Amino acid sequence: MAEAPADPGAWFQLARALRDIGDRAGAFDAFQKAADLNPSWAAPRIDLGNIHSQAGRWSRALPEYETALRLAPNLVAAQVSLAVALRQVGRHAEALALFRAAQVDTTGAAGLHSRYLFALTQAPGVSREAVFAAHLKFGQRFGQDWIAPHANDRTPDRPLRVGYVSGDLAGHAVVNFIAPVLAAHDPARVGTVIYSTAPPSAAPERHPGAWREAAGLDDAALAEAIRADRIDILVDLSGHTGLNRLAVFGAKPAPVQVSWIGYPNTTGLSQIDYRLTDRFTAGPETEAFLAEAAFHMPGAGACYQPFEDLPITPPPAQALGCVTFGATNAPSKLNAAVFDTWAEILRACPDSRLALKYLGLADGYLIDQITRAFAARGVDPGRLSFAGASPFAAYMAGYSAIDILLDPFPYTGGTTTRNALWMGVPVVTLKGQALYERISSGLLAAIGLDDCIATSRPDYVAKAVALAGDLGHLAILRQEIRPRLMASGHFDPSGFTRDLEDAYREMWRRWRTASL
């Protein structure tokens, strides 16, 4: 039997091939072998860190990234990888410093610049004006000054060709928003083309509509492909997250372009005409922080896949005799102001507890960081519980153990808020001015839960404490919230999609009129 090669480069290439076919365990072993054979090589350390971070093993991911940066202090990939990880564990100031050291906001490619903007949006202490200005800077860098004319057929009432661009069409929360819409589209009104920007999977999760694998196309080639498809309305579902292709939108390959779902903030691109939203979420104060024009849907601004087979259970406080607050948003949304506010609530409700659940929250690193934060604020660590990721059914069932969900700020929940409300769990949120500060408040306002919407941190504390002190009201809300959601249109794919198609038609009419 031949000996295994001692060439670290060969192991590294094998590791990447195994990673690309989904063999994460095999890839990990091969990256580790490459790192062991060449301890001064940063690249396999970054990939090892990525595998650990994808599993929420922060106590192992962070040292790998730190080692990579020590080995290659000026390597942008090492700087950015560690910056992303620091954002994910809530170390925002350090993350932003690394992004800036890598100069991703001045010289980096569009995808790197986007990672910085995502971190900036989640960072506490950064004004919404500064966040907006940074997004406009992206638009100035990656939006083209001159746009070629569009040769689309201008027949007024023909079916529109709508293109959806996303890297999150499998195994991501975005699927719960877009899949029911794609299934409900009326082909007599809308024909869809899906541009998947994620690397092709061995078992792709396909959706109705023409499918284009776009990951292998550079920005210019993808823009040309969209033009060749004669797309009338191009919809971005990513914003400054993940595998976005916003630089393609900067070339305006379609006459009408829309931002929706994936990112609760502006793209910064004037070439994107509209931000799809609703009257409960966006108002004049919000629109001041959008480069796009807000397009208000008549009802819900997005539709979520309903989960009708999940039963509603009584509030756990009825059996336990004490209230359980929950926190199920990403740790990247936690910060000192959130800890201050939540600790004040726990001190005001001395018999209450706080259950935290998310990917990575079973890892010792985050448990230690969060426990220390609450202990420093006078909260006994014994009142906190931690759990990591779980299969979706188990995750949703976990809301049965929560009485009240506490929403983080300034970057509020979105998908998490919908999941909690579907299970009858009220959510207390702090409403701000920018879009990313209002996703939860917009949904709560739409279903009449204004008593859960705070306008200041003291108000947030007061509302959470008042809700915790009325177990009878909690029991009533537990049964009322889901029917309210169903009546609001947020879980009605057919009705929402008809409204969406009407919105697309109106956008098309405006462009057609303006371009005659």
# chains A, B, ... in the order shown; residues from 1 in each chain; ligands from 1
>>> select_by_dssp(residues="region 244-474 of chain A", states="strand (DSSP E or B)", output="ChimeraX atom specification")
/A:256-259,274-278,293-297,324-327,353-357,384-387,404-406,427-430,453-454
>>> residues_around(residues="Ala462 (chain A)", least_positions_apart="4", cutoff="10 Å", atoms="only C-alpha atoms", output="PyMOL selection string")
chain A and resi 344-345+348+452+454+456-458+466-468
>>> atom_distance(atom1="CA of Leu421 (chain A)", atom2="CA of Leu320 (chain A)")
21.1 Å
>>> select_by_dssp(residues="region 120-151 of chain A", states="alpha helix (DSSP H)", output="list of chain:residue names")
A:Leu120, A:Thr121, A:Gln122, A:Arg128, A:Glu129, A:Ala130, A:Val131, A:Phe132, A:Ala133, A:Ala134, A:His135, A:Leu136, A:Lys137, A:Phe138, A:Gly139, A:Gln140, A:Arg141, A:Phe142
>>> closest_residue(among="A:Ala15, A:Leu485, A:Leu406, A:Leu477", to="Tyr460 (chain A)", atoms="only C-alpha atoms")
A:Leu406
>>> atom_distance(atom1="CA of Ala210 (chain A)", atom2="CA of Ser196 (chain A)")
10.7 Å
>>> atom_distance(atom1="CA of Glu287 (chain A)", atom2="CA of Gly262 (chain A)")
17.7 Å
>>> closest_residue(among="A:Ala68, A:Leu117, A:Ala148, A:Leu449", to="Leu96 (chain A)", atoms="only C-alpha atoms")
A:Leu117
>>> residues_around(residues="Leu290 (chain A)", least_positions_apart="5", cutoff="12 Å", atoms="only C-alpha atoms", output="PDB file with C-alpha atoms, in the first residue's frame")
ATOM      1  CA  ARG A 128     -27.470  55.005  12.002  1.00  0.00           C
ATOM      2  CA  GLU A 129     -26.181  58.072  10.106  1.00  0.00           C
ATOM      3  CA  VAL A 131     -24.023  53.183   8.971  1.00  0.00           C
ATOM      4  CA  PHE A 132     -26.006  54.801   6.163  1.00  0.00           C
ATOM      5  CA  ALA A 133     -23.022  56.846   4.967  1.00  0.00           C
ATOM      6  CA  ALA A 134     -20.879  53.701   4.807  1.00  0.00           C
ATOM      7  CA  HIS A 135     -23.513  51.961   2.675  1.00  0.00           C
ATOM      8  CA  LEU A 136     -23.681  54.932   0.312  1.00  0.00           C
ATOM      9  CA  GLY A 139     -22.890  52.359  -3.803  1.00  0.00           C
ATOM     10  CA  SER A 259     -34.087  44.710  -2.620  1.00  0.00           C
ATOM     11  CA  PRO A 264     -32.780  44.618   6.872  1.00  0.00           C
ATOM     12  CA  ASN A 265     -30.896  47.657   5.663  1.00  0.00           C
ATOM     13  CA  THR A 266     -30.188  49.636   2.523  1.00  0.00           C
ATOM     14  CA  THR A 267     -27.847  48.257  -0.119  1.00  0.00           C
ATOM     15  CA  GLY A 268     -26.479  51.759  -0.711  1.00  0.00           C
ATOM     16  CA  LEU A 269     -26.978  51.341  -4.459  1.00  0.00           C
ATOM     17  CA  SER A 270     -29.014  53.989  -6.267  1.00  0.00           C
ATOM     18  CA  ILE A 272     -31.642  49.454  -6.992  1.00  0.00           C
ATOM     19  CA  ASP A 273     -34.939  51.257  -7.438  1.00  0.00           C
ATOM     20  CA  TYR A 274     -37.053  49.917  -4.577  1.00  0.00           C
ATOM     21  CA  ARG A 275     -36.894  48.421  -1.127  1.00  0.00           C
ATOM     22  CA  LEU A 276     -39.933  46.207  -0.604  1.00  0.00           C
ATOM     23  CA  THR A 277     -41.476  46.840   2.808  1.00  0.00           C
ATOM     24  CA  ALA A 282     -40.996  51.733   7.256  1.00  0.00           C
ATOM     25  CA  GLY A 283     -42.028  55.351   7.664  1.00  0.00           C
ATOM     26  CA  PRO A 284     -40.518  58.711   6.696  1.00  0.00           C
ATOM     27  CA  GLU A 285     -37.883  58.453   9.424  1.00  0.00           C
ATOM     28  CA  PHE A 295     -42.296  50.426  -1.867  1.00  0.00           C
ATOM     29  CA  GLN A 433     -35.509  54.528  13.195  1.00  0.00           C
ATOM     30  CA  ALA A 434     -33.465  52.561  10.661  1.00  0.00           C
ATOM     31  CA  LEU A 435     -34.922  49.490   8.976  1.00  0.00           C
ATOM     32  CA  TYR A 436     -32.671  47.046  10.851  1.00  0.00           C
TER      33      TYR A 436
END
>>> closest_residue(among="A:Asn419, A:Gln88, A:Ser40, A:Thr371", to="Arg57 (chain A)", atoms="only C-alpha atoms")
A:Gln88
>>> closest_residue(among="A:Arg19, A:Asp451, A:Pro44, A:Val175", to="Phe31 (chain A)", atoms="only C-alpha atoms")
A:Pro44
>>> closest_residue(among="A:Thr155, A:Ser332, A:Thr513, A:Ser441", to="Arg91 (chain A)", atoms="only C-alpha atoms")
A:Ser332
>>> closest_residue(among="A:Thr67, A:Thr313, A:Thr241, A:Ser494", to="Trp422 (chain A)", atoms="only C-alpha atoms")
A:Thr313
>>> residues_around(residues="Pro124 (chain A)", least_positions_apart="4", cutoff="10 Å", atoms="only C-alpha atoms", output="list of chain:residue names")
A:Gly90, A:His92, A:Ala93, A:Ala119, A:Leu120, A:Lys333, A:Leu334, A:Asn335, A:Ala336, A:Ala337, A:Val338, A:Phe409, A:Pro410, A:Tyr411
>>> residues_around(residues="Pro180 (chain A)", least_positions_apart="2", cutoff="10 Å", atoms="only C-alpha atoms", output="count of residues only")
20
